[in-house]
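Inspection log for the structure reproduced underneath, given as structure tokens.
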Amino acid sequence: MKVSDLNKFDEFSLLSDDKDTEITGVFCCDLLSIAMGKAPSGSAWVTVMANVNTLAVASLTDVACIILAEGTTFDSTLIDKAKEEGIAVYKTDLPIFDAALLVKNSL
Amino acid sequence: MAELMELNYTVSNEDFTRAGEASSDVKKKLKQLGVSPDAIRKVAIALYEGEINMIIHAYGGKIKVTISEDAITLILADKGPGIADIEKAMQAGYSTAPDKVRSLGFGAGMGLPNMKKNSDQMDIKTELGVGTTVTMVINI
């Protein structure tokens, strides 16, 4: 499944720009220090941690996209930064597990 | 071993919004040079953790990145408080980071262990009240 295929789900709303990168797995973690070391490149990273460092970690680990769960979101400054850096960011009201499962079951 | 490029950065104190600027820039340059994605990821992680450490603990500092044909050397030097117990600091899960930092998703005590894991050689020189210099070498 490609990142842009997430647009088909009512549960996910796109905050930045989507892309055609293939999602190769799903990764869940809120501690950025752990995500930094462990997030596989190409994965959809599901987290509730929504700050500027989330973007930095996503960019450095080359995850396919960020999915902000539990209704967390980015402000307009962070959305602009995500667009600038070419990072696809989605948000959802689903809990982390359910969001991750939805993506995983569609891979 | 011929030196191909040297990059220098300054990390400012307590500025979490700019954390990762040096690592992003180095990552871009290594991509342009055609370095393998594996090595780039290691450098990016090791350097970002170092940047975060300098912001949390050491009032900022200086980073020097040297790229040669077979290795990338990262030297992170600060004039911070120094590390009282390196052995403890190297243990995964041990952290002296304040709550403010934890609320941002850091402070899990993974910084130095992640740096070590992602580098082929790591050396820490530290003196209390004087500062710390971490040197990491990643083979390419």
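Scheme for the structure tokens: letters A, B, ... for chains in order shown; per-chain residue numbers from 1; ligand numbers from 1 in order shown.
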Checklist entry - For chain B against chain A, which residues fall within 6 Å using only C-alpha atoms, given as JSON, numbers by chain? => result {"B": [20, 44, 105, 106, 110]}
Find the residues near Asp15 (chain B): any atom within 10 Å, counting only C-alpha atoms, skip ones fewer than 4 places away on the same chain, and give them as a tab-separated table (two decimals) with N, CA and C atoms, in the first residue's frame.
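Result saved to around14.tsv:
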chain	number	residue	atom	x	y	z
B	11	VAL	N	25.48	24.17	17.98
B	11	VAL	CA	24.19	23.80	18.56
B	11	VAL	C	23.87	24.80	19.66
B	19	ALA	N	16.71	21.46	17.11
B	19	ALA	CA	17.43	20.20	17.26
B	19	ALA	C	17.26	19.38	16.00
B	52	ILE	N	20.74	16.42	20.70
B	52	ILE	CA	19.74	16.50	21.78
B	52	ILE	C	20.45	16.53	23.14
B	55	ILE	N	21.82	19.88	23.89
B	55	ILE	CA	20.78	20.86	24.23
B	55	ILE	C	20.26	20.63	25.65
B	56	ILE	N	20.03	19.35	25.98
B	56	ILE	CA	19.48	19.04	27.31
B	56	ILE	C	20.48	19.32	28.42
B	59	TYR	N	24.17	23.14	27.54
B	59	TYR	CA	24.05	24.53	27.04
B	59	TYR	C	24.54	24.67	25.60
B	60	GLY	N	24.34	23.65	24.80
B	60	GLY	CA	24.77	23.73	23.39
B	60	GLY	C	26.22	23.32	23.22
Next on the checklist: I'd like to know which of A:Phe27, A:Tyr90, A:Trp45, A:Phe74 is closest to Ser13 (chain A), using only C-alpha atoms.
Outcome noted: A:Tyr90
Next on the checklist: Env of region 133-136 of chain B: 9 Å cut, atoms = only C-alpha atoms, seq-sep filter 5 positions within chain, self excluded. Answer as a PyMOL selection string.
Outcome noted: chain B and resi 46-47+50+72-79+115-116+119-126
Next on the checklist: Taking only region 1-74 of chain B into account, list the residues labelled alpha helix (DSSP H) by DSSP (computed from the backbone), as an MDAnalysis selection string.
Outcome noted: chainID B and resid 21:32 37:57
Could you please take those selected residues and save N, CA and C atoms as a tab-separated table (two decimals), in the first residue's frame?
chain	number	residue	atom	x	y	z
B	21	GLU	N	18.96	20.05	13.17
B	21	GLU	CA	19.38	20.80	11.98
B	21	GLU	C	20.70	20.29	11.43
B	22	ALA	N	21.65	20.07	12.33
B	22	ALA	CA	22.95	19.57	11.88
B	22	ALA	C	22.80	18.18	11.27
B	23	SER	N	22.05	17.30	11.97
B	23	SER	CA	21.89	15.93	11.45
B	23	SER	C	21.20	15.92	10.08
B	24	SER	N	20.17	16.77	9.91
B	24	SER	CA	19.48	16.82	8.61
B	24	SER	C	20.41	17.27	7.51
B	25	ASP	N	21.21	18.29	7.84
B	25	ASP	CA	22.11	18.83	6.83
B	25	ASP	C	23.18	17.80	6.44
B	26	VAL	N	23.73	17.13	7.45
B	26	VAL	CA	24.76	16.11	7.18
B	26	VAL	C	24.14	14.97	6.35
B	27	LYS	N	22.91	14.61	6.71
B	27	LYS	CA	22.22	13.54	5.99
B	27	LYS	C	22.07	13.89	4.50
B	28	LYS	N	21.66	15.12	4.24
B	28	LYS	CA	21.51	15.57	2.84
B	28	LYS	C	22.82	15.49	2.09
B	29	LYS	N	23.89	15.99	2.74
B	29	LYS	CA	25.20	16.00	2.07
B	29	LYS	C	25.70	14.59	1.79
B	30	LEU	N	25.48	13.67	2.75
B	30	LEU	CA	25.94	12.29	2.55
B	30	LEU	C	25.17	11.61	1.42
B	31	LYS	N	23.88	11.96	1.31
B	31	LYS	CA	23.07	11.43	0.20
B	31	LYS	C	23.64	11.87	-1.13
B	32	GLN	N	23.98	13.17	-1.20
B	32	GLN	CA	24.56	13.72	-2.43
B	32	GLN	C	25.87	13.02	-2.78
B	37	PRO	N	22.65	4.06	2.32
B	37	PRO	CA	21.57	4.45	3.23
B	37	PRO	C	21.79	3.95	4.65
B	38	ASP	N	22.38	2.78	4.79
B	38	ASP	CA	22.66	2.21	6.10
B	38	ASP	C	23.58	3.09	6.92
B	39	ALA	N	24.68	3.52	6.29
B	39	ALA	CA	25.65	4.38	6.97
B	39	ALA	C	25.03	5.75	7.25
B	40	ILE	N	24.23	6.25	6.32
B	40	ILE	CA	23.60	7.56	6.52
B	40	ILE	C	22.68	7.52	7.74
B	41	ARG	N	21.91	6.44	7.85
B	41	ARG	CA	20.99	6.32	8.98
B	41	ARG	C	21.75	6.29	10.31
B	42	LYS	N	22.85	5.54	10.32
B	42	LYS	CA	23.67	5.48	11.54
B	42	LYS	C	24.19	6.86	11.92
B	43	VAL	N	24.72	7.58	10.93
B	43	VAL	CA	25.27	8.92	11.20
B	43	VAL	C	24.15	9.83	11.70
B	44	ALA	N	22.99	9.78	11.02
B	44	ALA	CA	21.88	10.67	11.37
B	44	ALA	C	21.42	10.43	12.81
B	45	ILE	N	21.28	9.15	13.18
B	45	ILE	CA	20.81	8.82	14.54
B	45	ILE	C	21.85	9.23	15.58
B	46	ALA	N	23.09	8.85	15.35
B	46	ALA	CA	24.15	9.15	16.32
B	46	ALA	C	24.28	10.67	16.51
B	47	LEU	N	24.20	11.40	15.42
B	47	LEU	CA	24.39	12.85	15.50
B	47	LEU	C	23.19	13.54	16.15
B	48	TYR	N	22.00	13.09	15.81
B	48	TYR	CA	20.80	13.70	16.38
B	48	TYR	C	20.76	13.48	17.89
B	49	GLU	N	21.08	12.26	18.32
B	49	GLU	CA	21.12	11.98	19.76
B	49	GLU	C	22.14	12.89	20.45
B	50	GLY	N	23.27	13.08	19.77
B	50	GLY	CA	24.31	13.94	20.32
B	50	GLY	C	23.83	15.39	20.42
B	51	GLU	N	23.15	15.83	19.38
B	51	GLU	CA	22.61	17.20	19.39
B	51	GLU	C	21.65	17.40	20.55
B	52	ILE	N	20.74	16.42	20.70
B	52	ILE	CA	19.74	16.50	21.78
B	52	ILE	C	20.45	16.53	23.14
B	53	ASN	N	21.47	15.68	23.29
B	53	ASN	CA	22.22	15.66	24.56
B	53	ASN	C	22.83	17.01	24.86
B	54	MET	N	23.40	17.64	23.82
B	54	MET	CA	24.05	18.93	24.06
B	54	MET	C	23.03	20.00	24.45
B	55	ILE	N	21.82	19.88	23.89
B	55	ILE	CA	20.78	20.86	24.23
B	55	ILE	C	20.26	20.63	25.65
B	56	ILE	N	20.03	19.35	25.98
B	56	ILE	CA	19.48	19.04	27.31
B	56	ILE	C	20.48	19.32	28.42
B	57	HIS	N	21.70	18.86	28.21
B	57	HIS	CA	22.63	18.81	29.34
B	57	HIS	C	23.75	19.85	29.32
Item to check | Backbone DSSP call of strand (DSSP E or B) for region 20-84 of chain B, listed as a list of chain:residue names | outcome: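 Those residues are B:Gly61, B:Lys62, B:Ile63, B:Lys64, B:Val65, B:Thr66, B:Ile67, B:Ser68, B:Ala71, B:Ile72, B:Thr73, B:Leu74, B:Ile75, B:Leu76, B:Ala77, B:Asp78.
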Next on the checklist: So that I can see what lies close to Glu127 (chain B), please list as a list in words the residues with an atom at most 8 Å from it, counting only C-alpha atoms and leaving out residues fewer than 6 positions away in the same chain.
Outcome noted: Pro81, Gly82 and Ile83 of chain B
Write out the residues from the selection above, keeping N, CA and C atoms, as an mmCIF file, in the first residue's frame.
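Writing done, so here's out.cif:
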data_model
loop_
_atom_site.group_PDB
_atom_site.id
_atom_site.type_symbol
_atom_site.label_atom_id
_atom_site.label_comp_id
_atom_site.auth_asym_id
_atom_site.auth_seq_id
_atom_site.Cartn_x
_atom_site.Cartn_y
_atom_site.Cartn_z
ATOM 1 N N PRO B 81 28.463 20.616 31.980
ATOM 2 C CA PRO B 81 28.869 20.224 33.330
ATOM 3 C C PRO B 81 29.739 18.966 33.383
ATOM 4 N N GLY B 82 29.846 18.241 32.250
ATOM 5 C CA GLY B 82 30.589 16.977 32.281
ATOM 6 C C GLY B 82 29.696 15.839 32.756
ATOM 7 N N ILE B 83 30.158 14.607 32.538
ATOM 8 C CA ILE B 83 29.351 13.437 32.927
ATOM 9 C C ILE B 83 29.983 12.824 34.175
#
